[in-house]
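The next block is query_15.cif, given as mmCIF, N, CA and C atoms.
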data_model
#
loop_
_atom_site.label_atom_id
_atom_site.label_comp_id
_atom_site.auth_asym_id
_atom_site.auth_seq_id
_atom_site.Cartn_x
_atom_site.Cartn_y
_atom_site.Cartn_z
N MET A 133 140.11 75.64 103.17
CA MET A 133 139.28 76.84 103.19
C MET A 133 139.10 77.37 101.76
N ILE A 134 137.90 77.81 101.44
CA ILE A 134 137.59 78.33 100.12
C ILE A 134 138.20 79.72 99.95
N ASP A 135 138.80 79.94 98.80
CA ASP A 135 139.39 81.24 98.45
C ASP A 135 138.29 82.31 98.42
N THR A 136 138.56 83.48 99.00
CA THR A 136 137.54 84.53 99.05
C THR A 136 137.16 85.03 97.65
N HIS A 137 138.12 85.04 96.73
CA HIS A 137 137.79 85.45 95.35
C HIS A 137 136.76 84.49 94.76
N GLU A 138 136.98 83.21 94.97
CA GLU A 138 136.06 82.20 94.44
C GLU A 138 134.69 82.34 95.11
N LEU A 139 134.67 82.55 96.41
CA LEU A 139 133.42 82.70 97.15
C LEU A 139 132.62 83.88 96.64
N PHE A 140 133.24 85.04 96.51
CA PHE A 140 132.52 86.23 96.06
C PHE A 140 132.15 86.15 94.58
N HIS A 141 132.99 85.49 93.79
CA HIS A 141 132.64 85.29 92.38
C HIS A 141 131.36 84.43 92.30
N LEU A 142 131.32 83.35 93.06
CA LEU A 142 130.14 82.49 93.08
C LEU A 142 128.91 83.26 93.56
N LEU A 143 129.07 84.07 94.59
CA LEU A 143 127.96 84.88 95.10
C LEU A 143 127.42 85.79 93.99
N HIS A 144 128.30 86.49 93.31
CA HIS A 144 127.87 87.39 92.23
C HIS A 144 127.21 86.61 91.09
N GLN A 145 127.76 85.45 90.76
CA GLN A 145 127.17 84.62 89.70
C GLN A 145 125.76 84.19 90.08
N ARG A 146 125.58 83.77 91.31
CA ARG A 146 124.26 83.31 91.77
C ARG A 146 123.26 84.48 91.81
N VAL A 147 123.70 85.63 92.24
CA VAL A 147 122.81 86.80 92.26
C VAL A 147 122.38 87.13 90.83
N ARG A 148 123.31 87.11 89.88
CA ARG A 148 122.95 87.38 88.48
C ARG A 148 121.97 86.33 87.96
N PHE A 149 122.20 85.05 88.30
CA PHE A 149 121.32 83.98 87.86
C PHE A 149 119.90 84.18 88.42
N VAL A 150 119.81 84.43 89.73
CA VAL A 150 118.51 84.61 90.37
C VAL A 150 117.81 85.84 89.79
N THR A 151 118.54 86.92 89.56
CA THR A 151 117.97 88.14 88.99
C THR A 151 117.42 87.87 87.60
N LYS A 152 118.17 87.13 86.79
CA LYS A 152 117.72 86.81 85.42
C LYS A 152 116.43 85.98 85.47
N GLU A 153 116.42 84.96 86.30
CA GLU A 153 115.23 84.11 86.44
C GLU A 153 114.04 84.93 86.96
N PHE A 154 114.32 85.78 87.93
CA PHE A 154 113.29 86.62 88.53
C PHE A 154 112.70 87.56 87.49
N ASN A 155 113.56 88.15 86.66
CA ASN A 155 113.09 89.03 85.59
C ASN A 155 112.18 88.29 84.62
N GLN A 156 112.50 87.03 84.35
CA GLN A 156 111.64 86.25 83.45
C GLN A 156 110.25 86.06 84.06
N GLN A 157 110.19 85.82 85.36
CA GLN A 157 108.89 85.69 86.04
C GLN A 157 108.11 87.00 86.01
N LEU A 158 108.82 88.09 86.27
CA LEU A 158 108.16 89.40 86.33
C LEU A 158 107.74 89.94 84.97
N SER A 159 108.38 89.45 83.90
CA SER A 159 108.08 89.97 82.56
C SER A 159 106.61 89.76 82.19
N ALA A 160 105.98 88.73 82.74
CA ALA A 160 104.56 88.48 82.48
C ALA A 160 103.70 89.62 83.02
N HIS A 161 104.24 90.39 83.95
CA HIS A 161 103.52 91.50 84.56
C HIS A 161 104.03 92.87 84.07
N GLY A 162 104.97 92.83 83.11
CA GLY A 162 105.51 94.07 82.57
C GLY A 162 106.47 94.77 83.50
N LEU A 163 107.16 93.99 84.37
CA LEU A 163 108.08 94.56 85.35
C LEU A 163 109.45 93.89 85.27
N TYR A 164 110.44 94.58 85.84
CA TYR A 164 111.77 94.03 86.08
C TYR A 164 112.02 94.03 87.58
N HIS A 165 113.04 93.29 88.00
CA HIS A 165 113.31 93.17 89.44
C HIS A 165 113.56 94.53 90.10
N SER A 166 114.21 95.44 89.38
CA SER A 166 114.49 96.77 89.95
C SER A 166 113.19 97.53 90.20
N GLN A 167 112.21 97.35 89.31
CA GLN A 167 110.92 97.99 89.49
C GLN A 167 110.13 97.32 90.61
N TRP A 168 110.21 96.01 90.68
CA TRP A 168 109.53 95.29 91.75
C TRP A 168 110.09 95.72 93.12
N ALA A 169 111.39 95.92 93.21
CA ALA A 169 111.99 96.32 94.48
C ALA A 169 111.40 97.65 94.95
N ILE A 170 111.19 98.57 94.02
CA ILE A 170 110.59 99.86 94.36
C ILE A 170 109.13 99.68 94.75
N MET A 171 108.40 98.87 93.99
CA MET A 171 107.00 98.60 94.34
C MET A 171 106.90 98.00 95.74
N TYR A 172 107.77 97.06 96.01
CA TYR A 172 107.76 96.40 97.32
C TYR A 172 108.00 97.42 98.44
N CYS A 173 108.98 98.28 98.26
CA CYS A 173 109.26 99.33 99.25
C CYS A 173 108.05 100.22 99.48
N LEU A 174 107.43 100.65 98.40
CA LEU A 174 106.30 101.57 98.51
C LEU A 174 105.09 100.88 99.14
N GLU A 175 104.90 99.62 98.85
CA GLU A 175 103.81 98.87 99.47
C GLU A 175 104.09 98.66 100.96
N ARG A 176 105.33 98.37 101.28
CA ARG A 176 105.72 98.09 102.66
C ARG A 176 105.75 99.34 103.53
N PHE A 177 106.31 100.43 103.00
CA PHE A 177 106.54 101.64 103.80
C PHE A 177 105.60 102.80 103.47
N GLY A 178 104.85 102.70 102.38
CA GLY A 178 104.02 103.81 101.95
C GLY A 178 104.83 104.78 101.11
N PRO A 179 104.27 105.94 100.77
CA PRO A 179 104.99 106.91 99.94
C PRO A 179 106.37 107.23 100.54
N MET A 180 107.35 107.32 99.66
CA MET A 180 108.73 107.58 100.09
C MET A 180 109.36 108.60 99.17
N THR A 181 110.34 109.33 99.69
CA THR A 181 111.11 110.21 98.82
C THR A 181 112.04 109.34 97.97
N GLN A 182 112.46 109.89 96.83
CA GLN A 182 113.41 109.15 95.99
C GLN A 182 114.69 108.88 96.77
N THR A 183 115.11 109.83 97.59
CA THR A 183 116.32 109.65 98.40
C THR A 183 116.17 108.47 99.35
N ALA A 184 115.03 108.38 100.02
CA ALA A 184 114.79 107.27 100.94
C ALA A 184 114.81 105.94 100.20
N ILE A 185 114.28 105.92 98.98
CA ILE A 185 114.25 104.68 98.19
C ILE A 185 115.67 104.24 97.85
N TRP A 186 116.49 105.16 97.30
CA TRP A 186 117.83 104.73 96.88
C TRP A 186 118.69 104.37 98.08
N LYS A 187 118.49 105.05 99.19
CA LYS A 187 119.26 104.69 100.39
C LYS A 187 118.85 103.33 100.91
N TYR A 188 117.55 103.06 100.94
CA TYR A 188 117.07 101.76 101.43
C TYR A 188 117.54 100.62 100.53
N LEU A 189 117.46 100.82 99.22
CA LEU A 189 117.82 99.76 98.26
C LEU A 189 119.32 99.69 97.98
N ASN A 190 120.10 100.64 98.50
CA ASN A 190 121.54 100.69 98.25
C ASN A 190 121.85 100.75 96.75
N VAL A 191 121.14 101.64 96.07
CA VAL A 191 121.30 101.82 94.64
C VAL A 191 121.61 103.30 94.40
N GLU A 192 122.39 103.58 93.39
CA GLU A 192 122.75 104.96 93.07
C GLU A 192 121.50 105.77 92.69
N ALA A 193 121.49 107.04 93.07
CA ALA A 193 120.35 107.92 92.83
C ALA A 193 119.95 107.99 91.35
N PRO A 194 120.89 108.15 90.40
CA PRO A 194 120.47 108.23 88.99
C PRO A 194 119.78 106.96 88.50
N THR A 195 120.20 105.82 89.01
CA THR A 195 119.57 104.55 88.63
C THR A 195 118.12 104.52 89.10
N ILE A 196 117.89 104.94 90.34
CA ILE A 196 116.53 104.98 90.88
C ILE A 196 115.68 105.96 90.09
N THR A 197 116.25 107.12 89.77
CA THR A 197 115.51 108.13 89.01
C THR A 197 115.07 107.57 87.66
N ARG A 198 115.98 106.90 86.95
CA ARG A 198 115.63 106.31 85.64
C ARG A 198 114.55 105.24 85.79
N THR A 199 114.67 104.40 86.81
CA THR A 199 113.69 103.33 87.02
C THR A 199 112.33 103.92 87.36
N ILE A 200 112.30 104.91 88.22
CA ILE A 200 111.04 105.55 88.60
C ILE A 200 110.41 106.25 87.39
N THR A 201 111.23 106.87 86.56
CA THR A 201 110.71 107.52 85.34
C THR A 201 110.03 106.49 84.44
N ARG A 202 110.67 105.33 84.26
CA ARG A 202 110.08 104.25 83.47
C ARG A 202 108.77 103.78 84.09
N MET A 203 108.78 103.62 85.41
CA MET A 203 107.58 103.16 86.11
C MET A 203 106.45 104.18 86.02
N GLU A 204 106.81 105.45 86.04
CA GLU A 204 105.82 106.52 85.92
C GLU A 204 105.17 106.49 84.53
N LYS A 205 105.98 106.28 83.50
CA LYS A 205 105.46 106.20 82.13
C LYS A 205 104.52 105.01 81.96
N ASN A 206 104.75 103.95 82.72
CA ASN A 206 103.91 102.75 82.64
C ASN A 206 102.80 102.75 83.68
N ASP A 207 102.59 103.88 84.33
CA ASP A 207 101.50 104.07 85.30
C ASP A 207 101.59 103.14 86.52
N TRP A 208 102.82 102.89 86.98
CA TRP A 208 103.01 102.11 88.21
C TRP A 208 103.16 103.03 89.42
N VAL A 209 103.78 104.19 89.20
CA VAL A 209 104.01 105.15 90.30
C VAL A 209 103.68 106.56 89.83
N ILE A 210 103.48 107.43 90.82
CA ILE A 210 103.38 108.86 90.56
C ILE A 210 104.37 109.56 91.47
N ARG A 211 104.88 110.68 90.97
CA ARG A 211 105.77 111.52 91.78
C ARG A 211 105.05 112.82 92.06
N ARG A 212 105.18 113.27 93.29
CA ARG A 212 104.60 114.57 93.64
C ARG A 212 105.64 115.37 94.42
N GLN A 213 105.36 116.66 94.51
CA GLN A 213 106.26 117.57 95.22
C GLN A 213 106.38 117.15 96.68
N GLY A 214 107.59 117.19 97.19
CA GLY A 214 107.83 116.87 98.60
C GLY A 214 107.87 118.11 99.45
N GLY A 215 108.58 118.02 100.56
CA GLY A 215 108.68 119.12 101.52
C GLY A 215 109.35 120.36 100.97
N ASP A 216 110.33 120.19 100.08
CA ASP A 216 110.95 121.35 99.43
C ASP A 216 110.86 121.17 97.93
N LYS A 217 111.23 122.19 97.18
CA LYS A 217 111.00 122.14 95.73
C LYS A 217 111.84 121.09 95.01
N ARG A 218 112.93 120.63 95.61
CA ARG A 218 113.76 119.60 94.96
C ARG A 218 113.32 118.19 95.32
N GLU A 219 112.63 118.04 96.42
CA GLU A 219 112.25 116.71 96.91
C GLU A 219 111.04 116.17 96.15
N ARG A 220 111.11 114.88 95.78
CA ARG A 220 110.01 114.21 95.10
C ARG A 220 109.58 113.01 95.95
N VAL A 221 108.27 112.92 96.19
CA VAL A 221 107.72 111.79 96.92
C VAL A 221 107.09 110.85 95.89
N VAL A 222 107.39 109.57 96.02
CA VAL A 222 106.92 108.56 95.07
C VAL A 222 105.88 107.70 95.76
N GLU A 223 104.81 107.41 95.04
CA GLU A 223 103.80 106.50 95.58
C GLU A 223 103.22 105.64 94.47
N LEU A 224 102.64 104.52 94.87
CA LEU A 224 102.02 103.62 93.91
C LEU A 224 100.75 104.23 93.35
N THR A 225 100.49 103.99 92.07
CA THR A 225 99.23 104.42 91.46
C THR A 225 98.14 103.44 91.86
N GLU A 226 96.91 103.79 91.54
CA GLU A 226 95.79 102.86 91.81
C GLU A 226 95.97 101.57 91.02
N LYS A 227 96.45 101.70 89.78
CA LYS A 227 96.71 100.51 88.96
C LYS A 227 97.70 99.59 89.67
N ALA A 228 98.79 100.15 90.18
CA ALA A 228 99.82 99.35 90.86
C ALA A 228 99.27 98.72 92.13
N LYS A 229 98.47 99.47 92.87
CA LYS A 229 97.89 98.92 94.10
C LYS A 229 96.98 97.73 93.79
N LYS A 230 96.24 97.83 92.69
CA LYS A 230 95.34 96.74 92.29
C LYS A 230 96.12 95.52 91.81
N LYS A 231 97.22 95.75 91.11
CA LYS A 231 98.01 94.64 90.55
C LYS A 231 99.02 94.07 91.54
N TYR A 232 99.28 94.79 92.63
CA TYR A 232 100.33 94.39 93.56
C TYR A 232 100.17 92.96 94.06
N GLU A 233 98.98 92.59 94.48
CA GLU A 233 98.78 91.26 95.06
C GLU A 233 99.03 90.16 94.03
N GLN A 234 98.61 90.39 92.81
CA GLN A 234 98.85 89.42 91.73
C GLN A 234 100.35 89.25 91.48
N VAL A 235 101.06 90.35 91.40
CA VAL A 235 102.51 90.29 91.18
C VAL A 235 103.18 89.66 92.41
N ASN A 236 102.75 90.04 93.58
CA ASN A 236 103.32 89.51 94.81
C ASN A 236 103.16 87.98 94.88
N GLN A 237 102.02 87.47 94.43
CA GLN A 237 101.80 86.01 94.41
C GLN A 237 102.80 85.33 93.47
N ALA A 238 103.04 85.92 92.31
CA ALA A 238 104.01 85.36 91.36
C ALA A 238 105.41 85.39 91.96
N VAL A 239 105.74 86.48 92.64
CA VAL A 239 107.05 86.61 93.29
C VAL A 239 107.19 85.56 94.37
N TYR A 240 106.17 85.41 95.19
CA TYR A 240 106.19 84.44 96.29
C TYR A 240 106.37 83.02 95.74
N GLN A 241 105.65 82.70 94.69
CA GLN A 241 105.77 81.36 94.09
C GLN A 241 107.19 81.12 93.59
N TYR A 242 107.77 82.12 92.91
CA TYR A 242 109.15 81.99 92.43
C TYR A 242 110.10 81.81 93.61
N GLU A 243 109.94 82.62 94.63
CA GLU A 243 110.82 82.52 95.81
C GLU A 243 110.72 81.15 96.46
N GLN A 244 109.51 80.62 96.58
CA GLN A 244 109.32 79.32 97.19
C GLN A 244 109.97 78.21 96.36
N GLU A 245 109.81 78.28 95.05
CA GLU A 245 110.43 77.29 94.16
C GLU A 245 111.95 77.35 94.27
N THR A 246 112.48 78.56 94.35
CA THR A 246 113.93 78.74 94.41
C THR A 246 114.49 78.27 95.74
N ILE A 247 113.85 78.61 96.83
CA ILE A 247 114.37 78.32 98.16
C ILE A 247 114.09 76.87 98.57
N SER A 248 113.21 76.18 97.83
CA SER A 248 112.83 74.82 98.21
C SER A 248 114.00 73.83 98.15
N ARG A 249 115.08 74.23 97.53
CA ARG A 249 116.27 73.36 97.48
C ARG A 249 117.01 73.32 98.81
N LEU A 250 116.64 74.24 99.72
CA LEU A 250 117.30 74.33 101.02
C LEU A 250 116.40 73.79 102.12
N THR A 251 117.02 73.26 103.16
CA THR A 251 116.25 72.86 104.34
C THR A 251 115.87 74.11 105.12
N ARG A 252 114.95 73.97 106.06
CA ARG A 252 114.54 75.11 106.91
C ARG A 252 115.75 75.66 107.66
N GLU A 253 116.60 74.75 108.14
CA GLU A 253 117.80 75.18 108.86
C GLU A 253 118.76 75.95 107.95
N GLU A 254 118.91 75.50 106.71
CA GLU A 254 119.77 76.20 105.75
C GLU A 254 119.22 77.59 105.41
N VAL A 255 117.89 77.68 105.30
CA VAL A 255 117.27 78.98 105.04
C VAL A 255 117.57 79.93 106.19
N ASP A 256 117.43 79.46 107.43
CA ASP A 256 117.73 80.28 108.60
C ASP A 256 119.20 80.70 108.62
N GLN A 257 120.10 79.76 108.30
CA GLN A 257 121.54 80.07 108.25
C GLN A 257 121.84 81.08 107.15
N PHE A 258 121.24 80.88 106.00
CA PHE A 258 121.43 81.77 104.86
C PHE A 258 121.00 83.19 105.23
N TYR A 259 119.85 83.33 105.85
CA TYR A 259 119.35 84.63 106.30
C TYR A 259 120.34 85.27 107.27
N SER A 260 120.80 84.50 108.22
CA SER A 260 121.74 85.01 109.23
C SER A 260 123.04 85.48 108.57
N ILE A 261 123.54 84.72 107.63
CA ILE A 261 124.77 85.08 106.93
C ILE A 261 124.57 86.36 106.12
N LEU A 262 123.45 86.46 105.40
CA LEU A 262 123.19 87.67 104.62
C LEU A 262 123.08 88.89 105.53
N GLN A 263 122.48 88.72 106.70
CA GLN A 263 122.39 89.84 107.66
C GLN A 263 123.79 90.29 108.07
N LYS A 264 124.69 89.36 108.28
CA LYS A 264 126.06 89.68 108.69
C LYS A 264 126.84 90.39 107.59
N LEU A 265 126.52 90.10 106.33
CA LEU A 265 127.22 90.71 105.20
C LEU A 265 126.70 92.11 104.88
N GLY A 266 125.55 92.47 105.42
CA GLY A 266 124.95 93.77 105.13
C GLY A 266 125.52 94.87 105.99
N PRO A 267 124.93 96.03 105.87
CA PRO A 267 125.39 97.17 106.71
C PRO A 267 125.12 96.87 108.18
N GLU A 268 125.83 97.54 109.03
CA GLU A 268 125.63 97.33 110.47
C GLU A 268 124.18 97.59 110.82
N GLY A 269 123.67 96.77 111.70
CA GLY A 269 122.28 96.91 112.09
C GLY A 269 121.37 95.96 111.34
N GLY A 270 121.92 95.24 110.36
CA GLY A 270 121.15 94.20 109.70
C GLY A 270 120.42 94.62 108.46
N GLU A 271 119.21 95.15 108.58
CA GLU A 271 118.37 95.37 107.42
C GLU A 271 118.89 96.48 106.53
N GLY A 272 118.63 96.27 105.22
CA GLY A 272 119.00 97.33 104.29
C GLY A 272 119.65 96.86 103.05
#
Take the structure I supplied and represent it as structure tokens, if you would.
Amino acid sequence: MIDTHELFHLLHQRVRFVTKEFNQQLSAHGLYHSQWAIMYCLERFGPMTQTAIWKYLNVEAPTITRTITRMEKNDWVIRRQGGDKRERVVELTEKAKKKYEQVNQAVYQYEQETISRLTREEVDQFYSILQKLGPEGGEG
């Protein structure tokens, strides 16, 4: 049986490797993976509060705030007043909506190249395993 320290070390190493490679692909579009994750959420779910974004992505609130600030400066997102004076709702700008499909195609191509090393059965197993490692209820 594989030692759990070795297993989790390998998992973290692979996540860092994939993130680095992913960032290289996204750099052509002026984005990083953390920014793409927010764009993907906003495209998938529509405008969201910053709180909803950090909870969904399992990232600390200050990290999301810094990333959104960077994205706002680069005209990817806009923040507007939410239901109360402290709440901020984030949404994609028109520029981001127009560029989304182009970036999404590059992401899809990278994902396909990366996952092509696995069989269909391995992809299904991998998905199932990742679901089991996540929070209860699967997605998130």
Selection result for the PyMOL selection byres (((chain A and resi 222 and name CA) around 6) and name CA) on this file, as a list in words: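 That expression, the PyMOL selection byres (((chain A and resi 222 and name CA) around 6) and name CA), corresponds here to Pro179, Met180, Thr181, Ile210, Arg211, Val221 and Glu223 of chain A.
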DSSP-assigned helix (DSSP H, G or I) members of chain A, reported as number ranges by chain: A: 136-159, 165-177, 182-189, 193-205, 226-247, 252-265
First collect every listed atom of segment 250-266 of chain A; then fit an axis-aligned box around them, widen it by 6 Å on each side, and give centre and edge lengths in Å to one decimal, as JSON.
{"center_x": 120.9, "center_y": 83.9, "center_z": 104.5, "size_x": 24.7, "size_y": 34.0, "size_z": 21.5}
Length of the atom C of Arg218 of chain A to atom CA of Gln167 of chain A vector [Å]: 21.2 Å
Shell of 8 Å around segment 238-245 of chain A, all atoms listed in the file, local chain residues under 3 positions omitted, as a list in words: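 These residues fall inside the cut-off: Glu153, Phe154, Gln157, Leu158, Tyr232, Glu233, Gln234, Val235, Ser248, Arg249 and Leu250 of chain A.
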For the residues in that selection, give me N, CA and C atoms as a PDB file, keeping the file's coordinate frame.
ATOM      1  N   GLU A 153     116.420  84.960  86.300  1.00  0.00           N
ATOM      2  CA  GLU A 153     115.230  84.110  86.440  1.00  0.00           C
ATOM      3  C   GLU A 153     114.040  84.930  86.960  1.00  0.00           C
ATOM      4  N   PHE A 154     114.320  85.780  87.930  1.00  0.00           N
ATOM      5  CA  PHE A 154     113.290  86.620  88.530  1.00  0.00           C
ATOM      6  C   PHE A 154     112.700  87.560  87.490  1.00  0.00           C
ATOM      7  N   GLN A 157     110.190  85.820  85.360  1.00  0.00           N
ATOM      8  CA  GLN A 157     108.890  85.690  86.040  1.00  0.00           C
ATOM      9  C   GLN A 157     108.110  87.000  86.010  1.00  0.00           C
ATOM     10  N   LEU A 158     108.820  88.090  86.270  1.00  0.00           N
ATOM     11  CA  LEU A 158     108.160  89.400  86.330  1.00  0.00           C
ATOM     12  C   LEU A 158     107.740  89.940  84.970  1.00  0.00           C
ATOM     13  N   TYR A 232      99.280  94.790  92.630  1.00  0.00           N
ATOM     14  CA  TYR A 232     100.330  94.390  93.560  1.00  0.00           C
ATOM     15  C   TYR A 232     100.170  92.960  94.060  1.00  0.00           C
ATOM     16  N   GLU A 233      98.980  92.590  94.480  1.00  0.00           N
ATOM     17  CA  GLU A 233      98.780  91.260  95.060  1.00  0.00           C
ATOM     18  C   GLU A 233      99.030  90.160  94.030  1.00  0.00           C
ATOM     19  N   GLN A 234      98.610  90.390  92.810  1.00  0.00           N
ATOM     20  CA  GLN A 234      98.850  89.420  91.730  1.00  0.00           C
ATOM     21  C   GLN A 234     100.350  89.250  91.480  1.00  0.00           C
ATOM     22  N   VAL A 235     101.060  90.350  91.400  1.00  0.00           N
ATOM     23  CA  VAL A 235     102.510  90.290  91.180  1.00  0.00           C
ATOM     24  C   VAL A 235     103.180  89.660  92.410  1.00  0.00           C
ATOM     25  N   SER A 248     113.210  76.180  97.830  1.00  0.00           N
ATOM     26  CA  SER A 248     112.830  74.820  98.210  1.00  0.00           C
ATOM     27  C   SER A 248     114.000  73.830  98.150  1.00  0.00           C
ATOM     28  N   ARG A 249     115.080  74.230  97.530  1.00  0.00           N
ATOM     29  CA  ARG A 249     116.270  73.360  97.480  1.00  0.00           C
ATOM     30  C   ARG A 249     117.010  73.320  98.810  1.00  0.00           C
ATOM     31  N   LEU A 250     116.640  74.240  99.720  1.00  0.00           N
ATOM     32  CA  LEU A 250     117.300  74.330 101.020  1.00  0.00           C
ATOM     33  C   LEU A 250     116.400  73.790 102.120  1.00  0.00           C
TER      34      LEU A 250
END
Atomic distance atom C of Lys227 of chain A - atom CA of Ile170 of chain A, expressed in Å with one decimal: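 About the pair atom C of Lys227 of chain A and atom CA of Ile170 of chain A: they are 13.7 Å apart.
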Separation of atom CA of Gln182 of chain A from atom C of Ile196 of chain A, in Å and rounded to one decimal: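 Taking atom CA of Gln182 of chain A as the start and atom C of Ile196 of chain A as the end point, the length is 7.1 Å.
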All strand (DSSP E) residues (DSSP, backbone) inside chain A, as number ranges by chain: A: 180-181, 209-213, 220-224
Picked residues, the PyMOL selection byres (((chain A and resi 169 and name CA) around 12) and name CA), as a ChimeraX atom specification: /A:151,154-155,158,163-168,170-176,185-186,188-191,196,199-200,203,232,235-236,239
Test item: the PyMOL selection byres (((chain A and resi 207 and name CA) around 9) and name CA) resolved as number ranges by chain: A: 202-206, 208-210, 224-228
Got time to write the residues from that selection, N, CA and C atoms, as a PDB file, keeping the file's coordinate frame?
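What follows is the written file out_3.pdb:
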ATOM      1  N   ARG A 202     110.670 105.330  84.260  1.00  0.00           N
ATOM      2  CA  ARG A 202     110.080 104.250  83.470  1.00  0.00           C
ATOM      3  C   ARG A 202     108.770 103.780  84.090  1.00  0.00           C
ATOM      4  N   MET A 203     108.780 103.620  85.410  1.00  0.00           N
ATOM      5  CA  MET A 203     107.580 103.160  86.110  1.00  0.00           C
ATOM      6  C   MET A 203     106.450 104.180  86.020  1.00  0.00           C
ATOM      7  N   GLU A 204     106.810 105.450  86.040  1.00  0.00           N
ATOM      8  CA  GLU A 204     105.820 106.520  85.920  1.00  0.00           C
ATOM      9  C   GLU A 204     105.170 106.490  84.530  1.00  0.00           C
ATOM     10  N   LYS A 205     105.980 106.280  83.500  1.00  0.00           N
ATOM     11  CA  LYS A 205     105.460 106.200  82.130  1.00  0.00           C
ATOM     12  C   LYS A 205     104.520 105.010  81.960  1.00  0.00           C
ATOM     13  N   ASN A 206     104.750 103.950  82.720  1.00  0.00           N
ATOM     14  CA  ASN A 206     103.910 102.750  82.640  1.00  0.00           C
ATOM     15  C   ASN A 206     102.800 102.750  83.680  1.00  0.00           C
ATOM     16  N   TRP A 208     102.820 102.890  86.980  1.00  0.00           N
ATOM     17  CA  TRP A 208     103.010 102.110  88.210  1.00  0.00           C
ATOM     18  C   TRP A 208     103.160 103.030  89.420  1.00  0.00           C
ATOM     19  N   VAL A 209     103.780 104.190  89.200  1.00  0.00           N
ATOM     20  CA  VAL A 209     104.010 105.150  90.300  1.00  0.00           C
ATOM     21  C   VAL A 209     103.680 106.560  89.830  1.00  0.00           C
ATOM     22  N   ILE A 210     103.480 107.430  90.820  1.00  0.00           N
ATOM     23  CA  ILE A 210     103.380 108.860  90.560  1.00  0.00           C
ATOM     24  C   ILE A 210     104.370 109.560  91.470  1.00  0.00           C
ATOM     25  N   LEU A 224     102.640 104.520  94.870  1.00  0.00           N
ATOM     26  CA  LEU A 224     102.020 103.620  93.910  1.00  0.00           C
ATOM     27  C   LEU A 224     100.750 104.230  93.350  1.00  0.00           C
ATOM     28  N   THR A 225     100.490 103.990  92.070  1.00  0.00           N
ATOM     29  CA  THR A 225      99.230 104.420  91.460  1.00  0.00           C
ATOM     30  C   THR A 225      98.140 103.440  91.860  1.00  0.00           C
ATOM     31  N   GLU A 226      96.910 103.790  91.540  1.00  0.00           N
ATOM     32  CA  GLU A 226      95.790 102.860  91.810  1.00  0.00           C
ATOM     33  C   GLU A 226      95.970 101.570  91.020  1.00  0.00           C
ATOM     34  N   LYS A 227      96.450 101.700  89.780  1.00  0.00           N
ATOM     35  CA  LYS A 227      96.710 100.510  88.960  1.00  0.00           C
ATOM     36  C   LYS A 227      97.700  99.590  89.670  1.00  0.00           C
ATOM     37  N   ALA A 228      98.790 100.150  90.180  1.00  0.00           N
ATOM     38  CA  ALA A 228      99.820  99.350  90.860  1.00  0.00           C
ATOM     39  C   ALA A 228      99.270  98.720  92.130  1.00  0.00           C
TER      40      ALA A 228
END
